[in-house]
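Colleague: Just dropping this structure here.
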Amino acid sequence: MSAPRSLADDLRRRDDDALARLLRRRPDLLHTVPVDFTALTSRATAGPSVSRCLDSLDALELHVLRTAAESTVDGGLPAADIVKRASTELPADAAPACQEALDTLIDCALLWGGPQRLRAVSSVLDLVVAVETPLWPPPDAADADAHDLEQVDRQAGLRARETLALMRDLLDEWSAKPPGVLRTGGLSLRDFAGARALLHADWSRTALTIEVALAARLVADDEEESPSWVPTEQFDRWLALDPAEAWVELVTAWRAMPRLPSLAGEKTKLLVTDNDRRPVPGMRLGILQLLAELPEGSSLTPERILTILDQRRPRQAGVLRRQAVDATMREADELGITAFGALSTAGRLLICEPATNARDRRTLLAQVSEAMSAAMPADVDHVLIQADLTVVAPGPLSPTISRTLGLMADIESRGHATVYRVSDSSVRRALDAGWDAEGLHQFLEQTSRTPIPQPLTYLVNDVARRHGAVRVGTAMSYLRCDAADTLAAMLEDRKLRDLGLQRIADTVLVSPAPTSEVIEVLRASGYAPAAEAPGGGIVIRRPEDRRIPTPRVRPVSAVRAPEEALVTAAVRTIRAGDRASGPRGDLTAGPATAAGVPRLQTNAIVSTLREAITGSHSVWMGYADTDGSVTEQIVDPIRLSGGMLTAFDHRTDGVRSFAVSRITGTADLP
């Protein structure tokens, strides 16, 4: 057989397995599926597609490609000659690896022609002219440090627990006091600093918590006239999850996040798309996959990881990769995916195990949750209250106790044991949320393993007695108090002059300032006001009262391997489009039964299509056109998602999409 005259001719002669390898290595060629070999060739030689393919090659493959491109400018060369030229600059034992690299380049359609006359595609030379000779042998992970896996899992479990606590504390605070959205978008530096003080964490840890909350759709812009960052309905659902399942949701969101929040500093602006870097999800996944190649409990230094990746993907080397390595290792450790630089059991499952369909993903997430549940410390259902009004939690508290204690006490320090402090303002916060003195006493008695100190009992009773003695409403604001002497003292208080208070009755004052400002100034001056509702009752502000609908999932830029069914269907489509018009195959006409395709309910149709996808077999399908007429056709279902069926249509010999709502029925082939 003569040598191919062009890349299209070369591709046309390849068997189905070779075409499938090409589409797997270059998944961008599948969107949309090329109609024939001419379209496939045009797309495969386009500059952006070639550049994307080069990004996936290692240093040796780029070296062999550069050699082939420079050697075949004037005509093709035998494969053996290209391998010989490429291995000249390397040690003798590199020749077999050069041959493997050459085979990979042929599979990627960067080289074409027969074994006696290979040449590079024309758009390659300018892109590889600066490629350097690779290191040989390539750096590996032979010098990895070993750690005890049990200790790694235990430390990862502690970190995971801390992650959940920080997220819960942050969004509980934002439920009551949502930070504003800047005019240019994002979170203000003042609110960033406030979140850091609340969480008792450094800037990078605080930024990670905030950005993951947005990525997991636990917080969003409420898009009101004066917009704020408000927890979503998803946050309430997340709170009800098992701790391990809640952790999986955060880690899954982080893995696809196109940002490196741990690089944040005091002046970094958060929650803005300006921080997005499209290559980051792929880089992050590559770093974790490198760790997954190591034996269990093994770790590498960031410098070693960078050296290995620079040889595996040299075109991605640079400042962003160095930042990605440093940030990924730090963030993975803080989230509990790794510990001491080694992947935990749950982290390894989440990175390594394939999940090709919804059922596999559910199984995988269940395995990850089980592994993390075993690693996490058990919930603690008690605290230790001390005479200095501090409350010590000797471990991770259950969510219910943690949220209640967070209302009536402020966190002073975190660690394996969390220290809270009860104060006037913290008790008043619990009263504002609807608690009363009796309920707080009962909660403390039920959760404390130590006797309740008398000063704490007096504090709760005193704050509860004074709480709401002064009522603030809207006039812009009014103040109401049964004790006229208290209002008289307010009128004489110099600290309150800016409120512009005026008496309109013995027990009522009014102010031009808004209610929230009046309450804040009064509390700062030592008074204990409460907001009053129009009916005269005290306004109760529960954290869960402020919620907005969960925004839709945003598309992520992480690279996904194409589904095998789509690859197979694409190969069939390309071959069908390249064939000359002629008689169609056996599966293009004829109803499944004499009466045609029966009409079915939507749930029955969906069930049949899912079975066909799982079993990889064809089905008869009735489909309603826009004019109401129904056509019957044979399809090979590939994917069912979002109310659309992607399938190979035997009538048109191509992959197309069908609206499930317009499918009238399905039937098995006779």
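Chain labels follow the order of the structure tokens: the first chain is A, the next B, and so on; residue numbering restarts at 1 in every chain, and ligands are counted from 1 in their shown order.
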So that I can check the secondary structure, give me every residue of stretch 252-449 of chain A assigned strand (DSSP E) by backbone DSSP, as number ranges by chain.
Modeller: A: 298-299, 338-339, 342-343, 384-385, 390-393, 410-413, 418-421
Colleague: Skipping near chain neighbours, those fewer than 6 positions away, what residues fall within 10 Å of A:His63 using only C-alpha atoms, listed as a PyMOL selection string?
Modeller: chain A and resi 57+69+86-87+89+98+101+128-134
Colleague: Give me, as a PyMOL selection string, all polymer residues having an atom no more than 6 Å from stretch 635-650 of chain A, counting only C-alpha atoms and skipping those fewer than 6 positions away in the same chain.
Modeller: chain A and resi 565+588+613+618-619+656-660
Colleague: Skipping near chain neighbours, those fewer than 6 positions away, what residues fall within 12 Å of A:Ser42 using only C-alpha atoms, listed as a VMD selection string?
Modeller: chain A and resid 6 to 8 11 29 34 to 36 48 to 50 109 121 to 123
Colleague: Would you output that residue set with N, CA and C atoms, as a tab-separated table (two decimals), in the first residue's frame?
Modeller:
```
chain	number	residue	atom	x	y	z
A	6	SER	N	-1.77	12.66	2.76
A	6	SER	CA	-2.09	13.78	3.64
A	6	SER	C	-2.47	13.22	5.01
A	7	LEU	N	-2.60	14.12	5.97
A	7	LEU	CA	-3.03	13.68	7.30
A	7	LEU	C	-4.43	13.09	7.24
A	8	ALA	N	-5.33	13.69	6.44
A	8	ALA	CA	-6.69	13.15	6.31
A	8	ALA	C	-6.64	11.73	5.76
A	11	LEU	N	-5.43	9.44	8.58
A	11	LEU	CA	-6.48	9.16	9.56
A	11	LEU	C	-7.53	8.21	8.99
A	29	LEU	N	-11.26	17.52	20.39
A	29	LEU	CA	-11.72	17.20	19.03
A	29	LEU	C	-13.15	16.67	19.02
A	34	PRO	N	-16.73	15.81	14.88
A	34	PRO	CA	-16.50	16.11	13.45
A	34	PRO	C	-17.40	15.27	12.55
A	35	VAL	N	-17.82	15.85	11.44
A	35	VAL	CA	-18.76	15.13	10.56
A	35	VAL	C	-18.05	14.14	9.65
A	36	ASP	N	-16.74	14.36	9.40
A	36	ASP	CA	-15.99	13.44	8.54
A	36	ASP	C	-14.50	13.65	8.80
A	48	PRO	N	-4.90	26.39	18.09
A	48	PRO	CA	-5.30	26.19	19.49
A	48	PRO	C	-5.35	24.72	19.90
A	49	SER	N	-5.86	23.86	19.01
A	49	SER	CA	-5.94	22.44	19.35
A	49	SER	C	-4.55	21.82	19.46
A	50	VAL	N	-3.65	22.17	18.54
A	50	VAL	CA	-2.28	21.65	18.59
A	50	VAL	C	-1.60	22.13	19.87
A	109	ALA	N	-1.76	12.35	16.27
A	109	ALA	CA	-1.88	12.97	14.94
A	109	ALA	C	-1.01	14.20	14.80
A	121	VAL	N	3.02	17.69	11.40
A	121	VAL	CA	2.04	18.62	10.84
A	121	VAL	C	2.66	20.01	10.78
A	122	SER	N	2.25	20.79	9.82
A	122	SER	CA	2.92	22.06	9.52
A	122	SER	C	2.87	23.08	10.65
A	123	SER	N	1.83	23.03	11.49
A	123	SER	CA	1.67	24.05	12.53
A	123	SER	C	2.50	23.78	13.78
```
Colleague: What's the separation between atom CA of A:Leu405 and atom CA of A:Arg421, in Å to one decimal place?
Modeller: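 Answer for the atom CA of A:Leu405 to atom CA of A:Arg421 separation: 9.8 Å.
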Colleague: List as JSON, numbers by chain the protein and nucleic acid residues near A:Asp625, meaning an atom at most 12 Å away when only C-alpha atoms are counted, but skip any in the same chain fewer than 2 places from it.
Modeller: {"A": [622, 623, 627, 628, 629, 630, 631, 632, 658, 659, 661, 662, 663, 664]}
Colleague: Name all residues at most 12 Å from A:Ala59 (count only C-alpha atoms; drop same-chain ones fewer than 4 positions away) and give them as a ChimeraX atom specification.
Modeller: /A:54-55,63-66,97-98,101,128,130-139,307-317
Colleague: Write out the residues from the selection above, keeping C-alpha atoms, as a JSON list (two decimals), in the first residue's frame.
Modeller:
```
[["chain", "number", "residue", "atom", "x", "y", "z"],
["A", 54, "LEU", "CA", 1.41, 20.00, 23.30],
["A", 55, "ASP", "CA", 0.52, 21.09, 26.84],
["A", 63, "HIS", "CA", 12.05, 16.69, 22.30],
["A", 64, "VAL", "CA", 11.21, 13.91, 19.83],
["A", 65, "LEU", "CA", 8.55, 16.12, 18.20],
["A", 66, "ARG", "CA", 10.99, 19.00, 17.80],
["A", 97, "ALA", "CA", 11.75, 5.65, 25.39],
["A", 98, "CYS", "CA", 12.21, 7.79, 22.27],
["A", 101, "ALA", "CA", 7.37, 8.88, 22.50],
["A", 128, "VAL", "CA", 8.47, 23.49, 19.53],
["A", 130, "ALA", "CA", 12.55, 26.42, 21.68],
["A", 131, "VAL", "CA", 12.15, 22.97, 23.32],
["A", 132, "GLU", "CA", 15.22, 22.00, 25.35],
["A", 133, "THR", "CA", 16.86, 18.58, 25.72],
["A", 134, "PRO", "CA", 15.13, 16.75, 28.61],
["A", 135, "LEU", "CA", 16.73, 15.40, 31.76],
["A", 136, "TRP", "CA", 17.63, 11.72, 31.58],
["A", 137, "PRO", "CA", 16.67, 9.67, 33.40],
["A", 138, "PRO", "CA", 13.57, 11.72, 34.16],
["A", 139, "PRO", "CA", 13.17, 12.69, 37.83],
["A", 307, "THR", "CA", 10.87, 19.30, 39.41],
["A", 308, "ILE", "CA", 8.87, 16.21, 38.41],
["A", 309, "LEU", "CA", 5.97, 18.19, 36.97],
["A", 310, "ASP", "CA", 8.31, 20.45, 34.98],
["A", 311, "GLN", "CA", 9.50, 17.34, 33.15],
["A", 312, "ARG", "CA", 6.04, 15.81, 32.79],
["A", 313, "ARG", "CA", 4.35, 18.99, 31.52],
["A", 314, "PRO", "CA", 7.17, 21.40, 30.62],
["A", 315, "ARG", "CA", 4.95, 23.82, 28.68],
["A", 316, "GLN", "CA", 3.04, 24.59, 31.88],
["A", 317, "ALA", "CA", 6.21, 25.43, 33.84]]
```
Colleague: Can you measure atom CA of A:Ala417 to atom CA of A:Asp202 for me? One decimal in Å is fine.
Modeller: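 For atom CA of A:Ala417 relative to atom CA of A:Asp202, the distance reads 18.2 Å.
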Colleague: Set the distance at 12 Å and use only C-alpha atoms: which residues neighbour A:Thr457 once local chain neighbours fewer than 6 positions away are removed? I'd like the list as JSON, numbers by chain.
Modeller: {"A": [385, 387, 389, 422, 423, 427, 437, 438, 440, 441, 442, 444, 445, 451, 463, 464]}
Colleague: Export, as a compact mmCIF listing (two decimals), in the first residue's frame, the selected residues with C-alpha atoms.
Modeller:
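The result, stored in part-v5.txt:
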```
# COMPACT_ATOMS: atom_id res chain seq x y z
CA ILE A 385 -17.20 25.64 82.32
CA ALA A 387 -15.03 30.17 87.10
CA LEU A 389 -16.49 32.55 82.50
CA VAL A 422 -19.15 34.28 77.91
CA SER A 423 -19.73 38.05 78.12
CA VAL A 427 -25.40 36.54 76.15
CA ALA A 437 -32.56 33.03 80.69
CA GLU A 438 -34.27 29.75 81.60
CA LEU A 440 -29.71 29.25 78.55
CA HIS A 441 -29.44 27.87 82.09
CA GLN A 442 -30.93 24.58 80.97
CA LEU A 444 -25.53 24.95 80.22
CA GLU A 445 -26.64 22.38 82.79
CA PRO A 451 -20.80 22.75 88.08
CA VAL A 463 -28.39 40.54 81.08
CA ALA A 464 -31.78 38.85 80.59
```
Colleague: Between A:Asp436, A:Asp222, A:Glu162, A:Asp103, which one has atoms that come closest to A:Ala79, using only C-alpha atoms?
Modeller: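 The closest residue to A:Ala79 is A:Asp103.
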Colleague: List every residue of stretch 350-432 of chain A that has an atom at most 9 Å from any atom of stretch 340-345 of chain A, and for each one report the closest atom pair and its distance in Å to one decimal, counting only C-alpha atoms, with rows sorted by chain and then by increasing residue number, as JSON lines.
Modeller:
```
{"residue": "A:Leu350", "atom": "CA", "partner": "A:Thr345", "partner_atom": "CA", "distance": 8.7}
{"residue": "A:Val368", "atom": "CA", "partner": "A:Thr345", "partner_atom": "CA", "distance": 8.1}
{"residue": "A:Ala371", "atom": "CA", "partner": "A:Thr345", "partner_atom": "CA", "distance": 6.5}
{"residue": "A:Met372", "atom": "CA", "partner": "A:Thr345", "partner_atom": "CA", "distance": 7.7}
{"residue": "A:Ala375", "atom": "CA", "partner": "A:Thr345", "partner_atom": "CA", "distance": 8.7}
```
Colleague: Between A:Leu285, A:Leu208, A:Pro377, A:Val391, single out the one closest to A:Arg330, counting only C-alpha atoms.
Modeller: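 Result for the nearest residue to A:Arg330: A:Leu208.
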Colleague: Ranking A:Leu456, A:Val510, A:Pro231, A:Arg117 by minimum distance to A:Asp74 and counting only C-alpha atoms, which one comes first?
Modeller: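 The closest residue to A:Asp74 is A:Arg117.
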Colleague: Identify all residues of stretch 385-462 of chain A in helix (DSSP H, G or I) (DSSP on the backbone) and supply them as an NGL selection string.
Modeller: :A and (399-408 or 424-432 or 437-447 or 454-462)
Colleague: One decimal, in Å: what's the spacing between atom CA of A:Ser477 and atom CA of A:Ala433?
Modeller: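 If I compute the distance from atom CA of A:Ser477 to atom CA of A:Ala433, I get 20.9 Å.
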